[in-house]
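Have a look at target-v1.csv below; it lists CSV, N, CA and C atoms.
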chain,number,residue,atom,x,y,z
E,1,MET,N,93.9,125.8,122.6
E,1,MET,CA,94.3,124.6,123.3
E,1,MET,C,94.3,123.4,122.4
E,2,THR,N,95.3,122.6,122.5
E,2,THR,CA,95.4,121.4,121.6
E,2,THR,C,94.7,120.2,122.3
E,3,LYS,N,93.9,119.5,121.5
E,3,LYS,CA,93.1,118.4,122.0
E,3,LYS,C,93.9,117.1,121.8
E,4,ASP,N,93.6,116.1,122.6
E,4,ASP,CA,94.2,114.8,122.5
E,4,ASP,C,93.4,114.0,121.5
E,5,VAL,N,93.5,114.3,120.2
E,5,VAL,CA,92.7,113.6,119.2
E,5,VAL,C,93.1,112.2,119.1
E,6,GLU,N,94.3,111.8,119.4
E,6,GLU,CA,94.7,110.4,119.3
E,6,GLU,C,93.9,109.6,120.3
E,7,LYS,N,93.4,110.2,121.4
E,7,LYS,CA,92.6,109.5,122.4
E,7,LYS,C,91.3,109.0,121.7
E,8,VAL,N,90.7,109.9,120.8
E,8,VAL,CA,89.5,109.5,120.1
E,8,VAL,C,89.6,108.2,119.4
E,9,PHE,N,90.8,108.0,118.7
E,9,PHE,CA,91.0,106.8,118.0
E,9,PHE,C,91.3,105.6,118.9
E,10,LYS,N,92.0,105.8,120.0
E,10,LYS,CA,92.2,104.7,120.9
E,10,LYS,C,90.9,104.2,121.5
E,11,ILE,N,90.0,105.1,121.8
E,11,ILE,CA,88.7,104.7,122.3
E,11,ILE,C,87.9,104.0,121.2
E,12,ALA,N,87.9,104.5,120.0
E,12,ALA,CA,87.3,103.8,118.8
E,12,ALA,C,87.8,102.4,118.7
E,13,ASP,N,89.1,102.2,118.9
E,13,ASP,CA,89.7,100.9,118.7
E,13,ASP,C,89.3,100.0,119.8
E,14,GLN,N,88.8,100.5,120.9
E,14,GLN,CA,88.2,99.6,121.9
E,14,GLN,C,86.9,99.0,121.6
E,15,MET,N,86.3,99.5,120.5
E,15,MET,CA,85.0,99.1,120.0
E,15,MET,C,83.9,99.2,121.1
E,16,ASN,N,83.9,100.3,121.8
E,16,ASN,CA,82.9,100.6,122.9
E,16,ASN,C,82.2,101.8,122.4
E,17,ALA,N,81.0,101.6,121.8
E,17,ALA,CA,80.3,102.7,121.2
E,17,ALA,C,79.8,103.7,122.2
E,18,VAL,N,79.4,103.3,123.4
E,18,VAL,CA,79.0,104.2,124.4
E,18,VAL,C,80.2,105.1,124.9
E,19,ALA,N,81.3,104.5,125.1
E,19,ALA,CA,82.5,105.3,125.5
E,19,ALA,C,82.9,106.3,124.4
E,20,PHE,N,82.8,105.9,123.2
E,20,PHE,CA,83.1,106.8,122.1
E,20,PHE,C,82.1,107.9,122.0
E,21,SER,N,80.8,107.6,122.2
E,21,SER,CA,79.8,108.7,122.2
E,21,SER,C,79.9,109.7,123.3
E,22,GLU,N,80.5,109.3,124.4
E,22,GLU,CA,80.7,110.2,125.5
E,22,GLU,C,81.8,111.3,125.2
E,23,LEU,N,82.5,111.1,124.1
E,23,LEU,CA,83.5,112.2,123.7
E,23,LEU,C,82.7,113.3,122.9
E,24,LEU,N,81.5,113.0,122.5
E,24,LEU,CA,80.7,114.0,121.7
E,24,LEU,C,79.8,114.8,122.6
E,25,SER,N,79.6,116.0,122.1
E,25,SER,CA,78.5,116.8,122.8
E,25,SER,C,77.2,116.2,122.6
E,26,THR,N,76.2,116.5,123.4
E,26,THR,CA,74.9,115.8,123.3
E,26,THR,C,74.2,116.1,122.0
E,27,ASP,N,74.6,117.3,121.4
E,27,ASP,CA,73.9,117.6,120.1
E,27,ASP,C,74.9,117.5,119.0
E,28,ALA,N,75.9,116.7,119.1
E,28,ALA,CA,77.0,116.6,118.1
E,28,ALA,C,76.4,116.1,116.8
E,29,LYS,N,77.0,116.5,115.7
E,29,LYS,CA,76.7,116.0,114.3
E,29,LYS,C,77.8,114.9,114.1
E,30,PHE,N,77.3,113.8,113.4
E,30,PHE,CA,78.2,112.7,113.2
E,30,PHE,C,77.9,112.1,111.8
E,31,LYS,N,78.9,111.9,111.0
E,31,LYS,CA,78.7,111.2,109.7
E,31,LYS,C,79.9,110.2,109.5
E,32,PHE,N,79.5,109.0,109.2
E,32,PHE,CA,80.5,107.9,109.0
E,32,PHE,C,80.3,107.4,107.5
E,33,SER,N,81.4,107.6,106.7
E,33,SER,CA,81.4,107.1,105.4
E,33,SER,C,80.2,107.6,104.6
E,34,ASN,N,79.5,106.7,103.9
E,34,ASN,CA,78.3,107.2,103.1
E,34,ASN,C,77.0,107.2,103.9
E,35,GLY,N,77.1,107.0,105.2
E,35,GLY,CA,75.9,107.0,106.0
E,35,GLY,C,75.3,108.4,106.2
E,36,ASP,N,74.1,108.5,106.7
E,36,ASP,CA,73.5,109.8,106.9
E,36,ASP,C,74.1,110.6,108.0
E,37,LEU,N,74.0,111.9,107.9
E,37,LEU,CA,74.5,112.8,109.0
E,37,LEU,C,73.5,112.6,110.1
E,38,THR,N,73.9,112.4,111.3
E,38,THR,CA,73.1,112.2,112.5
E,38,THR,C,73.4,113.3,113.5
E,39,THR,N,72.5,113.5,114.4
E,39,THR,CA,72.6,114.4,115.5
E,39,THR,C,72.4,113.7,116.8
E,40,GLY,N,73.3,113.9,117.8
E,40,GLY,CA,73.1,113.3,119.1
E,40,GLY,C,73.9,112.0,119.3
E,41,ARG,N,74.0,111.6,120.5
E,41,ARG,CA,74.8,110.4,120.8
E,41,ARG,C,74.1,109.1,120.5
E,42,GLU,N,72.8,109.0,120.6
E,42,GLU,CA,72.1,107.7,120.5
E,42,GLU,C,72.3,107.1,119.1
E,43,PRO,N,72.1,107.9,118.0
E,43,PRO,CA,72.4,107.3,116.7
E,43,PRO,C,73.8,106.9,116.4
E,44,VAL,N,74.8,107.6,117.1
E,44,VAL,CA,76.2,107.2,117.0
E,44,VAL,C,76.4,105.8,117.6
E,45,VAL,N,75.8,105.6,118.8
E,45,VAL,CA,75.9,104.3,119.4
E,45,VAL,C,75.3,103.2,118.6
E,46,THR,N,74.1,103.5,118.0
E,46,THR,CA,73.4,102.5,117.2
E,46,THR,C,74.2,102.1,116.0
E,47,ASN,N,74.7,103.2,115.3
E,47,ASN,CA,75.5,102.9,114.0
E,47,ASN,C,76.8,102.2,114.3
E,48,LEU,N,77.5,102.7,115.3
E,48,LEU,CA,78.8,102.0,115.6
E,48,LEU,C,78.6,100.6,116.1
E,49,ASN,N,77.6,100.3,116.9
E,49,ASN,CA,77.3,98.9,117.3
E,49,ASN,C,77.1,98.0,116.1
E,50,TYR,N,76.4,98.6,115.1
E,50,TYR,CA,76.1,97.8,113.9
E,50,TYR,C,77.5,97.4,113.2
E,51,LEU,N,78.3,98.4,113.1
E,51,LEU,CA,79.6,98.2,112.5
E,51,LEU,C,80.4,97.2,113.3
E,52,PHE,N,80.5,97.4,114.6
E,52,PHE,CA,81.2,96.5,115.5
E,52,PHE,C,80.7,95.1,115.5
E,53,SER,N,79.5,94.9,115.2
E,53,SER,CA,78.9,93.5,115.1
E,53,SER,C,79.5,92.8,113.9
E,54,LYS,N,80.0,93.5,112.9
E,54,LYS,CA,80.5,92.9,111.7
E,54,LYS,C,82.0,92.5,111.8
E,55,ILE,N,82.7,93.0,112.8
E,55,ILE,CA,84.1,92.8,112.9
E,55,ILE,C,84.5,92.3,114.3
E,56,ASP,N,85.8,91.8,114.3
E,56,ASP,CA,86.3,91.3,115.6
E,56,ASP,C,87.4,92.3,116.2
E,57,GLY,N,87.8,93.2,115.4
E,57,GLY,CA,88.8,94.2,115.9
E,57,GLY,C,89.0,95.4,115.0
E,58,LEU,N,89.5,96.4,115.6
E,58,LEU,CA,89.7,97.7,114.9
E,58,LEU,C,91.0,98.3,115.4
E,59,LYS,N,91.9,98.8,114.5
E,59,LYS,CA,93.1,99.5,115.0
E,59,LYS,C,93.4,100.6,114.0
E,60,HIS,N,93.5,101.8,114.4
E,60,HIS,CA,93.8,102.9,113.6
E,60,HIS,C,95.3,103.2,113.6
E,61,ASP,N,95.8,103.4,112.4
E,61,ASP,CA,97.3,103.7,112.3
E,61,ASP,C,97.3,105.2,111.8
E,62,ILE,N,97.5,106.1,112.7
E,62,ILE,CA,97.5,107.5,112.4
E,62,ILE,C,98.7,107.9,111.6
E,63,LYS,N,98.5,108.6,110.5
E,63,LYS,CA,99.5,109.0,109.6
E,63,LYS,C,99.8,110.5,109.7
E,64,GLY,N,98.8,111.3,110.1
E,64,GLY,CA,99.1,112.7,110.3
E,64,GLY,C,97.9,113.4,111.0
E,65,ILE,N,98.2,114.4,111.7
E,65,ILE,CA,97.1,115.2,112.4
E,65,ILE,C,97.4,116.7,112.0
E,66,TYR,N,96.4,117.3,111.5
E,66,TYR,CA,96.5,118.7,111.0
E,66,TYR,C,95.4,119.5,111.7
E,67,THR,N,95.8,120.7,112.2
E,67,THR,CA,95.0,121.5,113.0
E,67,THR,C,94.9,122.9,112.6
E,68,ARG,N,93.7,123.5,112.9
E,68,ARG,CA,93.5,124.9,112.8
E,68,ARG,C,92.5,125.3,113.9
E,69,ASP,N,92.9,126.1,114.8
E,69,ASP,CA,92.0,126.5,115.9
E,69,ASP,C,91.5,125.2,116.6
E,70,GLU,N,90.2,125.0,116.7
E,70,GLU,CA,89.6,123.9,117.4
E,70,GLU,C,89.1,122.8,116.4
E,71,GLU,N,89.7,122.8,115.2
E,71,GLU,CA,89.4,121.8,114.2
E,71,GLU,C,90.6,121.0,113.8
E,72,TYR,N,90.3,119.7,113.6
E,72,TYR,CA,91.4,118.7,113.4
E,72,TYR,C,91.0,117.9,112.2
E,73,ALA,N,92.0,117.6,111.3
E,73,ALA,CA,91.9,116.6,110.3
E,73,ALA,C,92.9,115.5,110.6
E,74,VAL,N,92.4,114.2,110.6
E,74,VAL,CA,93.3,113.1,111.0
E,74,VAL,C,93.3,112.1,109.8
E,75,GLU,N,94.5,111.9,109.3
E,75,GLU,CA,94.7,110.9,108.2
E,75,GLU,C,95.1,109.6,108.9
E,76,ALA,N,94.5,108.5,108.5
E,76,ALA,CA,94.8,107.3,109.1
E,76,ALA,C,94.5,106.1,108.2
E,77,ILE,N,95.0,105.0,108.6
E,77,ILE,CA,94.7,103.7,108.0
E,77,ILE,C,93.9,103.0,109.1
E,78,ALA,N,92.6,102.6,108.7
E,78,ALA,CA,91.8,101.9,109.6
E,78,ALA,C,91.9,100.4,109.3
E,79,ASN,N,92.4,99.6,110.2
E,79,ASN,CA,92.6,98.2,110.1
E,79,ASN,C,91.5,97.4,110.7
E,80,TYR,N,90.6,96.8,110.0
E,80,TYR,CA,89.4,96.1,110.5
E,80,TYR,C,89.8,94.6,110.4
E,81,THR,N,89.7,93.9,111.6
E,81,THR,CA,89.8,92.5,111.7
E,81,THR,C,88.5,91.8,111.5
E,82,MET,N,88.3,91.1,110.5
E,82,MET,CA,87.0,90.4,110.2
E,82,MET,C,86.9,89.2,111.1
E,83,LYS,N,85.7,88.6,111.1
E,83,LYS,CA,85.3,87.5,112.0
E,83,LYS,C,86.2,86.3,111.7
E,84,ASP,N,86.7,86.1,110.4
E,84,ASP,CA,87.6,85.0,110.1
E,84,ASP,C,89.0,85.3,110.3
E,85,GLY,N,89.4,86.5,110.8
E,85,GLY,CA,90.8,86.8,111.0
E,85,GLY,C,91.4,87.7,109.9
E,86,LYS,N,90.8,87.8,108.8
E,86,LYS,CA,91.3,88.6,107.7
E,86,LYS,C,91.3,90.1,108.1
E,87,ILE,N,92.3,90.8,107.8
E,87,ILE,CA,92.4,92.2,108.1
E,87,ILE,C,92.2,93.0,106.8
E,88,ILE,N,91.3,93.9,106.8
E,88,ILE,CA,91.0,94.8,105.7
E,88,ILE,C,91.5,96.2,106.2
E,89,SER,N,92.4,96.8,105.4
E,89,SER,CA,93.0,98.1,105.8
E,89,SER,C,92.5,99.1,104.8
E,90,LEU,N,91.9,100.2,105.3
E,90,LEU,CA,91.3,101.2,104.5
E,90,LEU,C,91.8,102.6,104.9
E,91,PRO,N,92.1,103.4,103.9
E,91,PRO,CA,92.5,104.8,104.2
E,91,PRO,C,91.2,105.6,104.6
E,92,ALA,N,91.5,106.5,105.6
E,92,ALA,CA,90.4,107.4,106.1
E,92,ALA,C,90.9,108.7,106.5
E,93,VAL,N,90.0,109.7,106.4
E,93,VAL,CA,90.3,111.0,106.9
E,93,VAL,C,89.1,111.4,107.8
E,94,SER,N,89.4,111.8,109.0
E,94,SER,CA,88.4,112.2,110.0
E,94,SER,C,88.5,113.7,110.2
E,95,VAL,N,87.4,114.4,110.3
E,95,VAL,CA,87.4,115.8,110.6
E,95,VAL,C,86.7,116.0,111.9
E,96,LEU,N,87.3,116.6,112.9
E,96,LEU,CA,86.7,116.8,114.2
E,96,LEU,C,86.7,118.3,114.5
E,97,LYS,N,85.6,118.7,115.0
E,97,LYS,CA,85.4,120.1,115.4
E,97,LYS,C,85.0,120.1,116.9
E,98,TYR,N,85.7,120.8,117.7
E,98,TYR,CA,85.4,120.9,119.1
E,98,TYR,C,84.7,122.1,119.5
E,99,ARG,N,83.9,122.0,120.6
E,99,ARG,CA,83.4,123.1,121.4
E,99,ARG,C,83.8,122.8,122.8
E,100,GLY,N,84.7,123.6,123.3
E,100,GLY,CA,85.3,123.3,124.6
E,100,GLY,C,86.0,121.9,124.5
E,101,ASN,N,85.7,121.0,125.4
E,101,ASN,CA,86.4,119.7,125.5
E,101,ASN,C,85.6,118.6,124.8
E,102,MET,N,84.5,119.0,124.2
E,102,MET,CA,83.6,118.0,123.5
E,102,MET,C,83.7,118.2,122.0
E,103,ILE,N,83.5,117.0,121.3
E,103,ILE,CA,83.5,117.1,119.8
E,103,ILE,C,82.1,117.5,119.5
E,104,GLU,N,81.9,118.5,118.7
E,104,GLU,CA,80.6,119.0,118.2
E,104,GLU,C,80.3,118.5,116.8
E,105,ASP,N,81.3,118.1,116.1
E,105,ASP,CA,81.1,117.7,114.7
E,105,ASP,C,82.2,116.7,114.4
E,106,HIS,N,81.8,115.5,113.9
E,106,HIS,CA,82.8,114.5,113.6
E,106,HIS,C,82.4,113.8,112.3
E,107,ARG,N,83.2,113.9,111.3
E,107,ARG,CA,82.9,113.3,110.0
E,107,ARG,C,84.0,112.5,109.5
E,108,ILE,N,83.7,111.2,109.1
E,108,ILE,CA,84.7,110.3,108.7
E,108,ILE,C,84.5,110.0,107.2
E,109,TYR,N,85.6,110.3,106.5
E,109,TYR,CA,85.5,110.2,105.0
E,109,TYR,C,86.3,108.9,104.6
E,110,MET,N,85.6,107.9,104.2
E,110,MET,CA,86.2,106.7,103.8
E,110,MET,C,85.2,105.8,103.0
E,111,ASP,N,85.7,104.8,102.3
E,111,ASP,CA,84.8,103.8,101.7
E,111,ASP,C,84.8,102.6,102.6
E,112,ILE,N,83.7,102.4,103.3
E,112,ILE,CA,83.6,101.3,104.3
E,112,ILE,C,83.1,100.0,103.6
E,113,SER,N,82.7,100.1,102.3
E,113,SER,CA,82.0,99.0,101.6
E,113,SER,C,82.8,97.7,101.6
E,114,PRO,N,84.2,97.7,101.5
E,114,PRO,CA,84.9,96.4,101.6
E,114,PRO,C,84.6,95.7,102.9
E,115,VAL,N,84.4,96.4,104.0
E,115,VAL,CA,84.1,95.7,105.3
E,115,VAL,C,82.7,95.3,105.3
E,116,MET,N,81.8,96.2,104.9
E,116,MET,CA,80.4,95.9,105.1
E,116,MET,C,79.9,94.8,104.1
E,117,THR,N,80.6,94.6,103.0
E,117,THR,CA,80.2,93.6,102.0
E,117,THR,C,81.1,92.3,102.1
E,118,TYR,N,82.0,92.3,103.0
E,118,TYR,CA,82.9,91.2,103.1
E,118,TYR,C,82.2,89.9,103.4
E,119,GLY,N,82.5,88.9,102.6
E,119,GLY,CA,81.9,87.6,102.8
E,119,GLY,C,80.5,87.4,102.1
E,120,ASN,N,80.0,88.5,101.5
E,120,ASN,CA,78.7,88.3,100.8
E,120,ASN,C,79.0,87.9,99.4
E,121,PRO,N,78.5,86.8,98.9
E,121,PRO,CA,78.7,86.4,97.6
E,121,PRO,C,78.1,87.3,96.6
E,122,LYS,N,78.9,87.6,95.5
E,122,LYS,CA,78.4,88.5,94.5
E,122,LYS,C,77.3,87.8,93.7
E,123,LYS,N,76.2,88.5,93.4
E,123,LYS,CA,75.2,87.9,92.6
E,123,LYS,C,75.5,88.1,91.1
E,124,THR,N,75.3,87.0,90.3
E,124,THR,CA,75.5,87.1,88.9
E,124,THR,C,74.1,87.0,88.2
E,125,VAL,N,74.0,87.6,87.0
E,125,VAL,CA,72.8,87.5,86.3
E,125,VAL,C,72.9,86.5,85.2
Translate the structure of the given file into structure tokens.
Amino acid sequence: MTKDVEKVFKIADQMNAVAFSELLSTDAKFKFSNGDLTTGREPVVTNLNYLFSKIDGLKHDIKGIYTRDEEYAVEAIANYTMKDGKIISLPAVSVLKYRGNMIEDHRIYMDISPVMTYGNPKKTV
């Protein structure tokens, strides 16, 4: 059965961490960028809320969806709108594995550092 993986990204773009976590099984594995692998919905909500506090908007531009059985790889450009209105666009690949209708493993491969360090002056020695 084909899943509506585009829905996952539409919900992410709403920047509602709780709604996003409800797409995951209660024991789901989740890894975002260079963050730690977490298990369960609560750490997903905490981590996403931290990211969302840094930005004013998020819009995924899906470039391709590749599937095998209940596993999907999604190639996208993630467009982050910063607090001052600047948009930072970053390439990303997400791998989603389903168990039934719930995501049991979601890993996002990207370098989020341009967003997380935006506006921080570089220290010089």
Which distance in Å separates atom CA of E:Asp56 and atom CA of E:Ile11, to one decimal?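 Result for atom CA of E:Asp56 versus atom CA of E:Ile11: 15.2 Å, one decimal.
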Shell of 8 Å around E:Val45, all atoms listed in the file, local chain residues under 4 positions omitted, as a list in words: Asn16, Ala17, Val18, Ala19, Phe20, Ser21, Gly40, Arg41, Asn49, Tyr50 and Leu51 of chain E
So which residues touch E:Glu104 within 8 Å, counting only N, CA and C atoms, skipping near sequence neighbours fewer than 5 positions away, as a list in words? Leu23, Leu24, Ser25, Thr26, Asp27, Ala28, Lys29, Phe30, Leu96, Lys97, Tyr98 and Arg99 of chain E
What's the 5 Å shell around E:Val93, counting all atoms listed in the file, without same-chain residues fewer than 3 positions away, as a list in words? Val74, Glu75, Ile108 and Tyr109 of chain E
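Each of E:Met15, E:Met116, E:Ile55, E:Met102 was checked against E:Asp84 using only N, CA and C atoms; the smallest atom-to-atom distance is that of E:Ile55.
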Of the listed residues E:Ala76, E:Phe52, E:Asp36, E:Lys31, that which approaches E:Asp105 most closely, counting all atoms listed in the file: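 Checking each of E:Ala76, E:Phe52, E:Asp36, E:Lys31 against E:Asp105, counting all atoms listed in the file, the winner is E:Lys31.
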Looking at E:Lys54, E:Lys3, E:Lys10, E:His106, which one is nearest to E:Met82, with distances taken over only N, CA and C atoms? E:Lys54
Alpha helix (DSSP H) positions in chain E, given as a PyMOL selection string: chain E and resi 5-13+17-21+41-54+113-116
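Straight-line separation from atom CA of E:Thr81 to atom C of E:Val115: 10.0 Å.
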For atom N of E:Phe32 and atom N of E:Asn101, the interatomic separation in Å (one decimal):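 Interatomic distance, atom N of E:Phe32 to atom N of E:Asn101: 21.1 Å.
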Secondary structure check, strand (DSSP E or B) residues of stretch 20-60 of chain E, as a PyMOL selection string: chain E and resi 24-32+38-39+55-60
Find the spatial neighbours of E:Ala78, counting only N, CA and C atoms, within a cut-off of 8 Å - ignore same-chain residues fewer than 3 positions away - and output them as a VMD selection string. chain E and resid 58 to 62 75 81 87 to 93
Keeping only N, CA and C atoms, write those residues as a PDB file, in the frame of the given file.
ATOM      1  N   LEU E  58      89.500  96.400 115.600  1.00  0.00           N
ATOM      2  CA  LEU E  58      89.700  97.700 114.900  1.00  0.00           C
ATOM      3  C   LEU E  58      91.000  98.300 115.400  1.00  0.00           C
ATOM      4  N   LYS E  59      91.900  98.800 114.500  1.00  0.00           N
ATOM      5  CA  LYS E  59      93.100  99.500 115.000  1.00  0.00           C
ATOM      6  C   LYS E  59      93.400 100.600 114.000  1.00  0.00           C
ATOM      7  N   HIS E  60      93.500 101.800 114.400  1.00  0.00           N
ATOM      8  CA  HIS E  60      93.800 102.900 113.600  1.00  0.00           C
ATOM      9  C   HIS E  60      95.300 103.200 113.600  1.00  0.00           C
ATOM     10  N   ASP E  61      95.800 103.400 112.400  1.00  0.00           N
ATOM     11  CA  ASP E  61      97.300 103.700 112.300  1.00  0.00           C
ATOM     12  C   ASP E  61      97.300 105.200 111.800  1.00  0.00           C
ATOM     13  N   ILE E  62      97.500 106.100 112.700  1.00  0.00           N
ATOM     14  CA  ILE E  62      97.500 107.500 112.400  1.00  0.00           C
ATOM     15  C   ILE E  62      98.700 107.900 111.600  1.00  0.00           C
ATOM     16  N   GLU E  75      94.500 111.900 109.300  1.00  0.00           N
ATOM     17  CA  GLU E  75      94.700 110.900 108.200  1.00  0.00           C
ATOM     18  C   GLU E  75      95.100 109.600 108.900  1.00  0.00           C
ATOM     19  N   THR E  81      89.700  93.900 111.600  1.00  0.00           N
ATOM     20  CA  THR E  81      89.800  92.500 111.700  1.00  0.00           C
ATOM     21  C   THR E  81      88.500  91.800 111.500  1.00  0.00           C
ATOM     22  N   ILE E  87      92.300  90.800 107.800  1.00  0.00           N
ATOM     23  CA  ILE E  87      92.400  92.200 108.100  1.00  0.00           C
ATOM     24  C   ILE E  87      92.200  93.000 106.800  1.00  0.00           C
ATOM     25  N   ILE E  88      91.300  93.900 106.800  1.00  0.00           N
ATOM     26  CA  ILE E  88      91.000  94.800 105.700  1.00  0.00           C
ATOM     27  C   ILE E  88      91.500  96.200 106.200  1.00  0.00           C
ATOM     28  N   SER E  89      92.400  96.800 105.400  1.00  0.00           N
ATOM     29  CA  SER E  89      93.000  98.100 105.800  1.00  0.00           C
ATOM     30  C   SER E  89      92.500  99.100 104.800  1.00  0.00           C
ATOM     31  N   LEU E  90      91.900 100.200 105.300  1.00  0.00           N
ATOM     32  CA  LEU E  90      91.300 101.200 104.500  1.00  0.00           C
ATOM     33  C   LEU E  90      91.800 102.600 104.900  1.00  0.00           C
ATOM     34  N   PRO E  91      92.100 103.400 103.900  1.00  0.00           N
ATOM     35  CA  PRO E  91      92.500 104.800 104.200  1.00  0.00           C
ATOM     36  C   PRO E  91      91.200 105.600 104.600  1.00  0.00           C
ATOM     37  N   ALA E  92      91.500 106.500 105.600  1.00  0.00           N
ATOM     38  CA  ALA E  92      90.400 107.400 106.100  1.00  0.00           C
ATOM     39  C   ALA E  92      90.900 108.700 106.500  1.00  0.00           C
ATOM     40  N   VAL E  93      90.000 109.700 106.400  1.00  0.00           N
ATOM     41  CA  VAL E  93      90.300 111.000 106.900  1.00  0.00           C
ATOM     42  C   VAL E  93      89.100 111.400 107.800  1.00  0.00           C
TER      43      VAL E  93
END
Measuring between only C-alpha atoms, which one of E:Met110, E:Val44, E:Val95, E:Leu37 shows the shortest distance to E:Glu22? E:Val44
Which residue of E:Gly35, E:Ile77, E:Ile112, E:Asn120 approaches E:Gly64 most closely, using only C-alpha atoms: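 Checking each of E:Gly35, E:Ile77, E:Ile112, E:Asn120 against E:Gly64, counting only C-alpha atoms, the winner is E:Ile77.
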